[in-house]
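A short write-up of the structure that comes next.
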Amino acid sequence: MKNYFFTSESVTEGHPDKLCDYISDTILDNCLKQDENSRVAIETFASSNTITVAGQITTKATLDVENIVRQRIKEIGFDNSETDMDYRTCKINVDITKQSPDIAMGVDIGGAGDQGIMFGYACDETESYMPYAISMAHKLAKKLTEVRKNNIIPYLRPDGKTQVTVEYENDKPKRIETILISTQHLKTASIDEIREDVTEKVIKEVVPKNMIDENTKIFINPTGRFVIGGPLGDTGLTGRKIIVDTYGGYAKHGGGCFSGKDASKVDRSATYMLRHIAKNLVANGYAKKCEIQVSYAIGMKEPLSICVNTFGTSEKSEEELVELIKEKFDLTPDGIIKYLDLKKPIYTETTNYGHFGKENLPWEKIIKI
């Protein structure tokens with residue numbers, strides 16, 4: 001039982017890194033729609049008014065990569081090369097090859113597509129079994145996009161970030177200490193107008209009143225100006241927001257990103273499976289918080305190790321929980337793919353506002369253990 005402050009951040013779909021994640025996941029979904037056995041490892045790089053798509057794809061699908069890229073940029077709302085990017089005029093470079101036969105050799109027999117360590121986590125802080133700070137940061141980022149696209153705050157542009165600091169008392173969220181929002185905007189908007197609108201139409205619409213008090217600090221566009229954004233303001237790259245994608249830093253991360261990878265890559269599929277297991281251990285009352293680690297070797301089916309940490313919140317030993325996991329769940333790559341139905345084109349649903357805590361995704365389903 002302890003008191004502390006913890007901070008997590010999120011970003012909008014117009015953040016340059018998330019633009020790249022979205023393009024990569026869209027290419028993956030387009031492959032899976034036509035060929036469920038597609039092998040995909042795609043990365044996207046954005047800089048100024050240029051998008052570069054590179055990586056490896058082995059598929060029977062027919063792809064118009066340039067059109068996919070332009071449609072996603074348009075959907076996000078980038079249409080001005082002077083402030084961020086223009087989907088109509090941006091330059092698109094494509095450098096895609098087939099999957100290495102050395103990797104395919106191991107994956108073809110049901111082995112892992114790479115070595116590595118993966119983590120899954122869940123806690124009882126929120127209804128979604130996610131840590132409070134990242135859950136709130138995602139809600140604010142999503143709301144920021146909604147008020148822009150619905151013209152509730154019409155002068156906003158796509159790029160934006162949110163950050164939430166939570167005060168914990170006796171290891172439970174007590175109040176919000178700080179809310180930080182940085183949002184791109186048209187140059188005609190004044191800072192006073194932005195701060196008032198974001199406070200009233202984003203923060204007050206999302207954050208519960210009982211979590212804000214007279215000591216809560218709210219910062220909106222601290223520099224006073226955020227006109228240049230998107231890839232014109234900063235480069236973007238697939239896989240650079242892995243802490244935003246997972247648990248906001250509240251739990252460990254293995255280092256591998258998710259977006260642009262098909263489910264034979266255990267960086268993605270095993271992490272989803274571990275979230276499912278951790279969430280269900282908490283939901284079934286085995287622990288109040290749970291972190292699970294597994295490790296894999298390229299080409300090998302079974303994980304090399306499984307580790308469970310319940311932070312002293314379980315009546316069962318962690319050795320007992322490891323045995324329960326081994327008995328209940330198939331952690332081979334093929335077993336995970338089959339159990340979670342990961343050959344379906346569902347990955348653009350995961351890209352923005354976190355890969356976890358969304359009830360419509362298969363790894364979020366609560367089962368009886």
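Chain labels A, B, ... are given in the sequence in which chains occur in the structure tokens; within each chain residues are numbered consecutively from 1, and ligands are likewise numbered from 1 in the order shown.
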
Contacts of segment 183-197 of chain A at 9 Å (only C-alpha atoms; same-chain gap of 2+ positions) as a list of chain:residue names:
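My reading of the contact set: A:Thr12, A:Thr83, A:Leu144, A:Ile153, A:Tyr155, A:Leu156, A:Arg157, A:Pro158, A:Asp159, A:Gly160, A:Lys161, A:Thr162, A:Ile181, A:Thr199, A:Glu200, A:Lys201, A:Val202, A:Phe219, A:Ile220, A:Asn221, A:Gly224, A:Arg225, A:Phe226, A:Val227, A:Ile228, A:Gly229, A:Gly230.
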
Dump C-alpha atoms for the selected residues as a compact mmCIF listing (two decimals), in the first residue's frame?
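Below you can see selection29.txt, which holds the result:
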```txt
# COMPACT_ATOMS: atom_id res chain seq x y z
CA THR A 12 -4.44 11.57 -31.70
CA THR A 83 0.73 23.30 -42.07
CA LEU A 144 -10.07 15.72 -29.25
CA ILE A 153 -14.26 22.88 -32.45
CA TYR A 155 -10.43 25.27 -36.06
CA LEU A 156 -8.59 22.20 -34.77
CA ARG A 157 -6.18 20.28 -37.00
CA PRO A 158 -5.33 16.53 -36.81
CA ASP A 159 -2.16 16.47 -34.70
CA GLY A 160 -2.43 16.35 -30.93
CA LYS A 161 -1.25 14.85 -27.64
CA THR A 162 -2.73 14.30 -24.20
CA ILE A 181 -3.33 18.74 -23.89
CA THR A 199 -11.55 22.78 -21.36
CA GLU A 200 -15.33 22.93 -21.87
CA LYS A 201 -15.80 20.60 -24.85
CA VAL A 202 -13.09 18.01 -24.25
CA PHE A 219 -2.26 22.97 -19.29
CA ILE A 220 -3.49 23.48 -22.86
CA ASN A 221 -0.95 24.33 -25.60
CA GLY A 224 0.72 29.24 -26.94
CA ARG A 225 0.92 28.14 -30.58
CA PHE A 226 0.69 24.82 -32.46
CA VAL A 227 -0.03 25.61 -36.13
CA ILE A 228 2.64 23.51 -37.83
CA GLY A 229 1.99 19.82 -37.12
CA GLY A 230 1.81 16.34 -38.59
```

Write out as a ChimeraX atom specification all residues of segment 215-341 of chain A that DSSP puts in alpha helix (DSSP H) for this structure's backbone.
/A:230-233,242-245,266-283,318-328,333-340

Could you state the separation of atom CA of Gly285 of chain A and atom CA of Ser305 of chain A in Å, given to one decimal place?
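So the two atoms, atom CA of Gly285 of chain A and atom CA of Ser305 of chain A, lie 24.1 Å apart.
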
Got a sec to tell me which of segment 111-303 of chain A DSSP assigns to strand (DSSP E or B), as a PyMOL selection string?
chain A and resi 112+116-123+156-169+172-185+217-220+236-237+261+289-296+298

Report as JSON lines the residues of segment 80-183 of chain A within 8 Å of segment 33-48 of chain A, each with its shortest atom pair and distance in Å (one decimal), using only C-alpha atoms, ordered by chain and increasing residue number.
```
{"residue": "A:Asp84", "atom": "CA", "partner": "A:Ser48", "partner_atom": "CA", "distance": 7.3}
{"residue": "A:Met85", "atom": "CA", "partner": "A:Ser48", "partner_atom": "CA", "distance": 6.8}
{"residue": "A:Gln99", "atom": "CA", "partner": "A:Arg39", "partner_atom": "CA", "distance": 7.1}
```

Print the selection's residues with C-alpha atoms to a file, as an mmCIF file, in the first residue's frame.
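Result file is result34.cif:
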```
data_model
loop_
_atom_site.group_PDB
_atom_site.id
_atom_site.type_symbol
_atom_site.label_atom_id
_atom_site.label_comp_id
_atom_site.auth_asym_id
_atom_site.auth_seq_id
_atom_site.Cartn_x
_atom_site.Cartn_y
_atom_site.Cartn_z
ATOM 1 C CA ASP A 84 1.021 19.476 -42.042
ATOM 2 C CA MET A 85 0.539 17.387 -45.242
ATOM 3 C CA GLN A 99 9.384 -12.239 -46.684
#
```

For segment 285-343 of chain A against segment 250-261 of chain A, with a cut-off of 10 Å and counting only C-alpha atoms, what is the closest atom pair and its distance in Å to one decimal for every residue that makes the cut, ordered by chain and number, as a Markdown table?
```
| residue | atom | partner | partner_atom | distance |
| --- | --- | --- | --- | --- |
| A:Cys290 | CA | A:Ala251 | CA | 9.4 |
| A:Glu291 | CA | A:Ala251 | CA | 7.2 |
| A:Ile292 | CA | A:Lys252 | CA | 9.3 |
| A:Gln293 | CA | A:Gly254 | CA | 8.6 |
| A:Val294 | CA | A:Gly254 | CA | 9.4 |
| A:Ser295 | CA | A:Gly254 | CA | 9.3 |
```

Requested write-out: C-alpha atoms of the selected residues, as a PDB file, in the first residue's frame:
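Full text of selection12.pdb as output:
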```pdb
ATOM      1  CA  CYS A 290      -1.393  -9.175 -13.020  1.00  0.00           C
ATOM      2  CA  GLU A 291       1.612  -8.982 -15.344  1.00  0.00           C
ATOM      3  CA  ILE A 292       2.661 -11.926 -17.491  1.00  0.00           C
ATOM      4  CA  GLN A 293       5.869 -12.397 -19.500  1.00  0.00           C
ATOM      5  CA  VAL A 294       6.657 -15.025 -22.114  1.00  0.00           C
ATOM      6  CA  SER A 295       9.673 -15.513 -24.358  1.00  0.00           C
TER       7      SER A 295
END
```

If we count only C-alpha atoms and set the cut-off at 8 Å, which residues sit around Gly110 of chain A, ignoring sequence neighbours fewer than 4 positions away in its own chain? Please answer as a ChimeraX atom specification.
/A:106,299-301,332-334

Can you write just those residues out, N, CA and C atoms, as a tab-separated table (two decimals), in the first residue's frame?
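So the final result, stored in result.tsv, reads:
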```
chain	number	residue	atom	x	y	z
A	106	GLY	N	10.84	-21.10	-40.69
A	106	GLY	CA	10.39	-21.39	-39.33
A	106	GLY	C	8.91	-21.15	-39.13
A	299	GLY	N	11.19	-19.70	-35.00
A	299	GLY	CA	11.02	-21.03	-35.57
A	299	GLY	C	10.54	-22.08	-34.58
A	300	MET	N	10.51	-21.76	-33.28
A	300	MET	CA	10.08	-22.73	-32.28
A	300	MET	C	8.64	-22.45	-31.85
A	301	LYS	N	7.88	-23.50	-31.59
A	301	LYS	CA	6.45	-23.36	-31.32
A	301	LYS	C	6.15	-22.95	-29.88
A	332	THR	N	1.32	-21.58	-28.38
A	332	THR	CA	2.04	-21.66	-29.64
A	332	THR	C	1.50	-20.60	-30.58
A	333	PRO	N	2.29	-20.11	-31.54
A	333	PRO	CA	1.78	-19.10	-32.48
A	333	PRO	C	0.49	-19.53	-33.18
A	334	ASP	N	0.44	-20.77	-33.68
A	334	ASP	CA	-0.78	-21.25	-34.34
A	334	ASP	C	-1.95	-21.33	-33.36
```

Give me the residues near Arg70 of chain A as an MDAnalysis selection string, where near means some atom within 9 Å (using only C-alpha atoms) and where sequence neighbours in that chain fewer than 4 positions away do not count.
chainID A and resid 65:66 74:75 86:88 90 92

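Note that atom CA of Lys344 of chain A and atom CA of Val107 of chain A are 18.2 Å apart.
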
Could you name the residues that touch Val206 of chain A at 10 Å or less, counting only C-alpha atoms, but leaving out those on the same chain fewer than 6 positions away, as JSON, numbers by chain?
{"A": [136, 137, 139, 140, 142, 143, 200]}
